[in-house]
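Here's the structure we're looking at; comments come further down.
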Amino acid sequence: MEKTYYNPADLKKFGKISDWNEELAAKFFDYYGKVFEEGNLTAREKSLIALAVAHTIQCPYCIDAYTGDGLKRGITKEEMMEALHVAAAIRGGASLVHGVQMMNKYDKLSM
Amino acid sequence: MLKSLQATKNPFSKTEKQLEILSNGFFKDGSLPTFATKLKEISQFPLQPNKIEILQINVGYMCNQVCAHCHVDAGPDRKEIMTIETMNQILNVLQRTSVDTLDLTGGAPEMNPNFRWFVEEASKLGVKDFIVRSNLTIILANKKFHDLPEFFAKHKIHVVSSLPFYKREKTDKQRGDGVFDKSIKALQMLNNVGYGVEGSQLKLDLVYNPSGAFLPSDQIALEKDFKKALKEDFNIGFNNLFAITNLPISRFLDYLIASNNYEDYMYALVEAFNPKAVQNVMCTNTISVSWDGFLYDCDFNQMLGLKVNSKEKHISEFNESALKNRDIVISQHCYGCTAGAGSSCQGTVV
């Protein structure tokens with residue numbers, strides 16, 4: 001069998017992290033559940049944010065989970081792709097904006 | 001897909017094959033509990049009815065559509081059609097029992113040649129809630145069906161219609177090319193005679209089935225999205241949205257296996273088991289009648305060939321008292337009706 005780091009079947013075993021520390025796992029999952037409740041942002045908006053962030057940190061479990069969640073909520077593939085481009089734009093932008101520092105340094109050191 | 005599983009001699013057209021899949025694998029080796037085991041854990045086994053309020057009549061498996069998720073395996077090639085004799089037996093039961101809701105389904109119930117006669121006769125009996133599950137496109141399929149909106153309105157029929165999504169791509173992918181546009185036109189025709197219009201008594205509900213291997217999300221949120229989109233884009237109004245889980249039967253089971261989604265889907269259903277949904281599942285207040293008059297706990301059991309657990313199994317010998325005390329026949333497809341907020345022909349149950 002091909003060896004890989006990630007096994008999609010592991011996503012549904014996420015809760016098992018409580019086996020090795022029940023208290024902290026409980027606190028985390030309680031917090032997690034609260035974060036995604038309807039609030040000033042809708043649960044739908046939060047789901048899209050989660051999807052975008054999942055791509056930024058490149059977590060395959062999160063990508064699977066929030067693609068599925070988005071489908072359940074009726075989020076279209078076009079909306080999902082736009083969210084991904086938001087993530088890419090911010091990531092790319094974060095690199096490029098540091099270019100200002102590069103330009104400043106260049107100017108400082110140059111006659 | 002233009003033909004039923006039966007027409008293409010697909011193994012999943014056989015109920016034995018479907019039941020074999022649903023009973024083996026991770027259910028047999030104990031990785032997942034059977035539905036019976038789950039009910040025993042919450043002291044709800046055997047599952048029994050509360051009362052018999054609804055007669056859901058499948059008047060035939062013939063349909064003008066061949067939807068990808070159809071648990072009936074309906075299509076234009078299906079020839080099973082209810083006769084007038086069986087319809088008369090149903091009318092007889094309606095007159096002498098406590099049933100107050102009649103729910104006509106199919107296939108496309110309108111394609112039964114005696115459909116209008118049956119509606120007219122049943123209407124005379126004063127059914128409290130008279131439902132027809134119309135696939136919408138039938139209204140445009142042939143000019144003999146064009147006046148169905150007026151016919152429904154005349155008999156104050158409660159129209160319940162499927163619309164997988166308020167966008168073309170998802171709808172057509174599940175229900176066939178061109179279905180979305182025809183559905184929109186049909187919905188506008190229904191609105192024009194008063195269905196789903198504020199202040200009107202004519203009820204028009206829509207059914208949402210997920211267009212893939214995932215469970216439906218919050219029904220209220222989905223209804224809000226559907227209402228906004230259909231109003232803004234097409235000036236269409238409707239009353240309620242029912243979110244119904246796809247059960248792993250027939251064409252949907254075939255799709256799950258072929259797309260390698262069966263295991264994940266069954267795990268998702270079992271994980272989403274909601275004990276609160278159990279007492280309100282539709283088999284607790286419904287009897288399903290097949291095109292040939294046999295009795296089942298629900299339309300899904302009908303498609304799996306699982307007749308009621310009662311001495312009297314045919315509408316001609318309908319025994320309300322015996323049926324009220326029967327044990328409901330279950331298998332692992334039942335997880336579909338108890339997942340999350342539960343699922344029934346009237347949407348969520350919790």
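Scheme for the structure tokens: letters A, B, ... for chains in order shown; per-chain residue numbers from 1; ligand numbers from 1 in order shown.
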All residues 7 Å or closer to B:Thr338, only C-alpha atoms, same chain fewer than 5 positions away omitted, as a PDB file with C-alpha atoms, in the first residue's frame:
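Once everything was written out, this is selection-v1.pdb:
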ATOM      1  CA  PHE B 273     -28.303   9.632  14.637  1.00  0.00           C
ATOM      2  CA  ASN B 274     -30.678  11.731  16.729  1.00  0.00           C
ATOM      3  CA  ALA B 277     -36.072  12.072  15.804  1.00  0.00           C
ATOM      4  CA  VAL B 278     -37.072   8.444  16.286  1.00  0.00           C
ATOM      5  CA  SER B 343     -36.161  13.539   7.806  1.00  0.00           C
TER       6      SER B 343
END
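Interface residues of chain A facing chain B, defined by any atom at most 8 Å away and using only C-alpha atoms, are Gly68, Leu71, Lys72, Arg73 and Gly74 of chain A.
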>> Excluding B:Val270 and its own-chain neighbours fewer than 4 positions away, which residues fall within 12 Å of it when counting only C-alpha atoms? Please give them as a PyMOL selection string.
In response: chain B and resi 26-27+31-35+37-39+215+263-266+274-275+332-340+342
Could you save the residues just selected, with N, CA and C atoms, as a PDB file, in the first residue's frame?
ATOM      1  N   PHE B  26     -19.574  -3.162   7.177  1.00  0.00           N
ATOM      2  CA  PHE B  26     -19.310  -2.631   8.511  1.00  0.00           C
ATOM      3  C   PHE B  26     -20.497  -2.792   9.466  1.00  0.00           C
ATOM      4  N   PHE B  27     -21.697  -3.119   8.937  1.00  0.00           N
ATOM      5  CA  PHE B  27     -22.822  -3.393   9.830  1.00  0.00           C
ATOM      6  C   PHE B  27     -22.745  -4.830  10.342  1.00  0.00           C
ATOM      7  N   SER B  31     -18.469  -2.760  13.053  1.00  0.00           N
ATOM      8  CA  SER B  31     -17.825  -1.434  13.038  1.00  0.00           C
ATOM      9  C   SER B  31     -18.868  -0.341  13.225  1.00  0.00           C
ATOM     10  N   LEU B  32     -20.063  -0.573  12.642  1.00  0.00           N
ATOM     11  CA  LEU B  32     -21.181   0.352  12.850  1.00  0.00           C
ATOM     12  C   LEU B  32     -22.346  -0.440  13.423  1.00  0.00           C
ATOM     13  N   PRO B  33     -23.104   0.138  14.362  1.00  0.00           N
ATOM     14  CA  PRO B  33     -24.248  -0.593  14.922  1.00  0.00           C
ATOM     15  C   PRO B  33     -25.383  -0.659  13.908  1.00  0.00           C
ATOM     16  N   THR B  34     -26.118  -1.770  13.915  1.00  0.00           N
ATOM     17  CA  THR B  34     -27.305  -1.825  13.067  1.00  0.00           C
ATOM     18  C   THR B  34     -28.352  -0.876  13.634  1.00  0.00           C
ATOM     19  N   PHE B  35     -29.352  -0.564  12.845  1.00  0.00           N
ATOM     20  CA  PHE B  35     -30.394   0.351  13.300  1.00  0.00           C
ATOM     21  C   PHE B  35     -31.152  -0.267  14.472  1.00  0.00           C
ATOM     22  N   THR B  37     -29.939  -2.266  16.730  1.00  0.00           N
ATOM     23  CA  THR B  37     -29.078  -2.108  17.912  1.00  0.00           C
ATOM     24  C   THR B  37     -29.219  -0.701  18.484  1.00  0.00           C
ATOM     25  N   LYS B  38     -29.214   0.274  17.619  1.00  0.00           N
ATOM     26  CA  LYS B  38     -29.323   1.685  18.041  1.00  0.00           C
ATOM     27  C   LYS B  38     -30.652   1.924  18.762  1.00  0.00           C
ATOM     28  N   LEU B  39     -31.721   1.348  18.220  1.00  0.00           N
ATOM     29  CA  LEU B  39     -33.035   1.523  18.847  1.00  0.00           C
ATOM     30  C   LEU B  39     -33.074   0.845  20.210  1.00  0.00           C
ATOM     31  N   LEU B 215     -25.333  15.396   3.867  1.00  0.00           N
ATOM     32  CA  LEU B 215     -26.621  15.543   4.533  1.00  0.00           C
ATOM     33  C   LEU B 215     -27.127  16.977   4.383  1.00  0.00           C
ATOM     34  N   GLU B 263     -19.312   4.262   2.158  1.00  0.00           N
ATOM     35  CA  GLU B 263     -18.850   4.098   3.539  1.00  0.00           C
ATOM     36  C   GLU B 263     -18.943   5.429   4.298  1.00  0.00           C
ATOM     37  N   ASP B 264     -18.387   6.482   3.720  1.00  0.00           N
ATOM     38  CA  ASP B 264     -18.400   7.781   4.404  1.00  0.00           C
ATOM     39  C   ASP B 264     -19.835   8.245   4.657  1.00  0.00           C
ATOM     40  N   TYR B 265     -20.710   7.988   3.703  1.00  0.00           N
ATOM     41  CA  TYR B 265     -22.098   8.437   3.852  1.00  0.00           C
ATOM     42  C   TYR B 265     -22.793   7.691   4.982  1.00  0.00           C
ATOM     43  N   MET B 266     -22.575   6.372   5.053  1.00  0.00           N
ATOM     44  CA  MET B 266     -23.216   5.598   6.121  1.00  0.00           C
ATOM     45  C   MET B 266     -22.644   5.995   7.480  1.00  0.00           C
ATOM     46  N   ASN B 274     -30.070  10.878  15.713  1.00  0.00           N
ATOM     47  CA  ASN B 274     -30.678  11.731  16.729  1.00  0.00           C
ATOM     48  C   ASN B 274     -31.818  10.977  17.392  1.00  0.00           C
ATOM     49  N   PRO B 275     -31.639  10.538  18.656  1.00  0.00           N
ATOM     50  CA  PRO B 275     -32.690   9.774  19.330  1.00  0.00           C
ATOM     51  C   PRO B 275     -34.031  10.508  19.360  1.00  0.00           C
ATOM     52  N   GLN B 332     -30.981  -0.709   7.796  1.00  0.00           N
ATOM     53  CA  GLN B 332     -29.999   0.362   8.007  1.00  0.00           C
ATOM     54  C   GLN B 332     -30.292   1.630   7.194  1.00  0.00           C
ATOM     55  N   HIS B 333     -31.160   1.535   6.188  1.00  0.00           N
ATOM     56  CA  HIS B 333     -31.538   2.749   5.448  1.00  0.00           C
ATOM     57  C   HIS B 333     -32.290   3.710   6.369  1.00  0.00           C
ATOM     58  N   CYS B 334     -32.855   3.165   7.462  1.00  0.00           N
ATOM     59  CA  CYS B 334     -33.634   3.999   8.387  1.00  0.00           C
ATOM     60  C   CYS B 334     -32.789   5.091   9.049  1.00  0.00           C
ATOM     61  N   TYR B 335     -31.497   4.913   9.079  1.00  0.00           N
ATOM     62  CA  TYR B 335     -30.626   5.956   9.618  1.00  0.00           C
ATOM     63  C   TYR B 335     -30.821   7.275   8.868  1.00  0.00           C
ATOM     64  N   GLY B 336     -31.267   7.188   7.621  1.00  0.00           N
ATOM     65  CA  GLY B 336     -31.487   8.404   6.843  1.00  0.00           C
ATOM     66  C   GLY B 336     -32.575   9.275   7.434  1.00  0.00           C
ATOM     67  N   CYS B 337     -33.559   8.637   8.082  1.00  0.00           N
ATOM     68  CA  CYS B 337     -34.682   9.411   8.630  1.00  0.00           C
ATOM     69  C   CYS B 337     -34.438   9.900  10.053  1.00  0.00           C
ATOM     70  N   THR B 338     -33.348   9.404  10.659  1.00  0.00           N
ATOM     71  CA  THR B 338     -33.091   9.799  12.049  1.00  0.00           C
ATOM     72  C   THR B 338     -31.806  10.616  12.175  1.00  0.00           C
ATOM     73  N   ALA B 339     -31.253  11.021  11.035  1.00  0.00           N
ATOM     74  CA  ALA B 339     -30.002  11.793  11.058  1.00  0.00           C
ATOM     75  C   ALA B 339     -30.294  13.259  11.340  1.00  0.00           C
ATOM     76  N   GLY B 340     -29.522  13.864  12.208  1.00  0.00           N
ATOM     77  CA  GLY B 340     -29.636  15.305  12.466  1.00  0.00           C
ATOM     78  C   GLY B 340     -31.004  15.679  12.996  1.00  0.00           C
ATOM     79  N   GLY B 342     -33.607  14.897  11.680  1.00  0.00           N
ATOM     80  CA  GLY B 342     -34.560  13.911  11.204  1.00  0.00           C
ATOM     81  C   GLY B 342     -35.078  14.271   9.828  1.00  0.00           C
TER      82      GLY B 342
END
Who sits within 9 Å of stretch 3-11 of chain A, only C-alpha atoms, same chain under 3 positions skipped, as a PDB file with N, CA and C atoms, in the first residue's frame:
ATOM      1  N   PHE A  14     -11.115  12.726  14.823  1.00  0.00           N
ATOM      2  CA  PHE A  14     -10.606  13.935  15.478  1.00  0.00           C
ATOM      3  C   PHE A  14     -10.909  13.920  16.980  1.00  0.00           C
ATOM      4  N   GLY A  15     -12.118  13.454  17.336  1.00  0.00           N
ATOM      5  CA  GLY A  15     -12.522  13.452  18.742  1.00  0.00           C
ATOM      6  C   GLY A  15     -11.637  12.596  19.629  1.00  0.00           C
ATOM      7  N   PRO A  60      -5.454  19.626   4.989  1.00  0.00           N
ATOM      8  CA  PRO A  60      -6.345  18.821   4.136  1.00  0.00           C
ATOM      9  C   PRO A  60      -7.624  18.397   4.850  1.00  0.00           C
ATOM     10  N   TYR A  61      -7.520  18.174   6.178  1.00  0.00           N
ATOM     11  CA  TYR A  61      -8.721  17.789   6.929  1.00  0.00           C
ATOM     12  C   TYR A  61      -9.740  18.920   6.913  1.00  0.00           C
ATOM     13  N   CYS A  62      -9.224  20.149   7.152  1.00  0.00           N
ATOM     14  CA  CYS A  62     -10.117  21.313   7.184  1.00  0.00           C
ATOM     15  C   CYS A  62     -10.722  21.557   5.810  1.00  0.00           C
ATOM     16  N   ASP A  64     -11.349  19.349   3.487  1.00  0.00           N
ATOM     17  CA  ASP A  64     -12.416  18.353   3.298  1.00  0.00           C
ATOM     18  C   ASP A  64     -13.653  18.726   4.109  1.00  0.00           C
ATOM     19  N   ALA A  65     -13.425  19.034   5.385  1.00  0.00           N
ATOM     20  CA  ALA A  65     -14.543  19.294   6.294  1.00  0.00           C
ATOM     21  C   ALA A  65     -15.369  20.485   5.831  1.00  0.00           C
TER      22      ALA A  65
ATOM     23  N   ASP B 264     -18.387   6.482   3.720  1.00  0.00           N
ATOM     24  CA  ASP B 264     -18.400   7.781   4.404  1.00  0.00           C
ATOM     25  C   ASP B 264     -19.835   8.245   4.657  1.00  0.00           C
TER      26      ASP B 264
END
> Excluding same-chain residues fewer than 4 positions from B:Phe115, what lies within 12 Å of it counting only C-alpha atoms, as an MDAnalysis selection string?
Replying inline: chainID B and resid 57:60 81:84 87 104:106 108:111 119:122 132 145 148 151:152
> Do you know which residues are at most 12 Å from B:His155 counting only C-alpha atoms, after dropping those on the same chain fewer than 4 positions away, and could you put them as a VMD selection string?
Replying inline: chain B and resid 116 to 132 148 to 151 159 201 to 203
Could you please take those selected residues and save N, CA and C atoms as a CSV table (one decimal), in the first residue's frame?
chain,number,residue,atom,x,y,z
B,116,ARG,N,-56.8,12.0,-12.4
B,116,ARG,CA,-57.8,13.0,-12.1
B,116,ARG,C,-59.0,12.5,-11.5
B,117,TRP,N,-59.5,11.3,-12.0
B,117,TRP,CA,-60.6,10.7,-11.4
B,117,TRP,C,-60.4,10.4,-9.9
B,118,PHE,N,-59.3,9.9,-9.6
B,118,PHE,CA,-59.0,9.6,-8.2
B,118,PHE,C,-59.0,10.9,-7.3
B,119,VAL,N,-58.4,11.9,-7.8
B,119,VAL,CA,-58.4,13.2,-7.1
B,119,VAL,C,-59.8,13.7,-6.9
B,120,GLU,N,-60.6,13.6,-7.9
B,120,GLU,CA,-62.0,14.1,-7.8
B,120,GLU,C,-62.8,13.3,-6.8
B,121,GLU,N,-62.6,12.0,-6.8
B,121,GLU,CA,-63.4,11.1,-5.9
B,121,GLU,C,-62.9,11.3,-4.5
B,122,ALA,N,-61.6,11.3,-4.3
B,122,ALA,CA,-61.0,11.5,-2.9
B,122,ALA,C,-61.4,12.9,-2.4
B,123,SER,N,-61.4,13.9,-3.2
B,123,SER,CA,-61.8,15.2,-2.8
B,123,SER,C,-63.2,15.2,-2.2
B,124,LYS,N,-64.1,14.4,-2.7
B,124,LYS,CA,-65.5,14.4,-2.3
B,124,LYS,C,-65.6,13.9,-0.8
B,125,LEU,N,-64.6,13.1,-0.4
B,125,LEU,CA,-64.6,12.6,0.9
B,125,LEU,C,-64.1,13.6,2.0
B,126,GLY,N,-63.7,14.7,1.5
B,126,GLY,CA,-63.3,15.7,2.5
B,126,GLY,C,-62.0,15.5,3.2
B,127,VAL,N,-60.9,15.1,2.5
B,127,VAL,CA,-59.6,14.9,3.1
B,127,VAL,C,-59.1,16.2,3.7
B,128,LYS,N,-58.5,16.2,4.9
B,128,LYS,CA,-58.1,17.4,5.6
B,128,LYS,C,-56.9,18.0,4.8
B,129,ASP,N,-55.9,17.2,4.5
B,129,ASP,CA,-54.7,17.6,3.8
B,129,ASP,C,-54.5,16.7,2.6
B,130,PHE,N,-54.7,17.2,1.4
B,130,PHE,CA,-54.7,16.4,0.2
B,130,PHE,C,-53.4,16.8,-0.6
B,131,ILE,N,-52.4,15.9,-0.5
B,131,ILE,CA,-51.1,16.3,-1.0
B,131,ILE,C,-50.9,15.6,-2.4
B,132,VAL,N,-50.3,16.3,-3.3
B,132,VAL,CA,-49.9,15.7,-4.6
B,132,VAL,C,-48.4,16.1,-4.7
B,148,LEU,N,-52.9,21.5,-15.2
B,148,LEU,CA,-52.8,20.9,-13.9
B,148,LEU,C,-52.8,21.9,-12.8
B,149,PRO,N,-52.2,23.1,-13.0
B,149,PRO,CA,-52.3,24.1,-11.9
B,149,PRO,C,-53.7,24.5,-11.6
B,150,GLU,N,-54.5,24.7,-12.6
B,150,GLU,CA,-55.9,25.0,-12.4
B,150,GLU,C,-56.7,23.8,-11.7
B,151,PHE,N,-56.4,22.6,-12.2
B,151,PHE,CA,-57.0,21.4,-11.6
B,151,PHE,C,-56.6,21.3,-10.1
B,159,VAL,N,-49.8,21.2,-3.0
B,159,VAL,CA,-48.7,20.7,-3.9
B,159,VAL,C,-47.4,20.7,-3.3
B,201,GLN,N,-55.0,30.3,0.3
B,201,GLN,CA,-55.1,29.1,1.0
B,201,GLN,C,-54.4,27.9,0.3
B,202,LEU,N,-54.0,28.2,-1.0
B,202,LEU,CA,-53.4,27.2,-1.8
B,202,LEU,C,-51.9,27.0,-1.4
B,203,LYS,N,-51.6,25.8,-0.9
B,203,LYS,CA,-50.2,25.6,-0.3
B,203,LYS,C,-49.3,25.0,-1.4
>> Residues near A:Leu48, anyone? I mean within 10 Å using only C-alpha atoms, not counting same-chain ones fewer than 6 positions away, as a VMD selection string.
In response: chain A and resid 54 66 to 67 69 to 70 75 79 to 80 82 to 84
> So which residues of chain A fall under alpha helix (DSSP H) by DSSP, listed as a ChimeraX atom specification?
Replying inline: /A:22-35,43-56,60-72,77-109
>> DSSP on the backbone: which residues in stretch 95-141 of chain B end up as strand (DSSP E)? Give the answer as a PyMOL selection string.
In response: chain B and resi 101-105+129-133
> Which value, in Å to one decimal, gives the distance between atom CA of B:Gly107 and atom CA of B:Asn191?
Replying inline: 23.4 Å
>> Considering only C-alpha atoms, can you say which of B:Val179, B:Ala7, B:Leu230, B:Ala243 comes closest to B:Tyr208?
In response: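 For B:Tyr208, the nearest of the given residues is B:Ala243.
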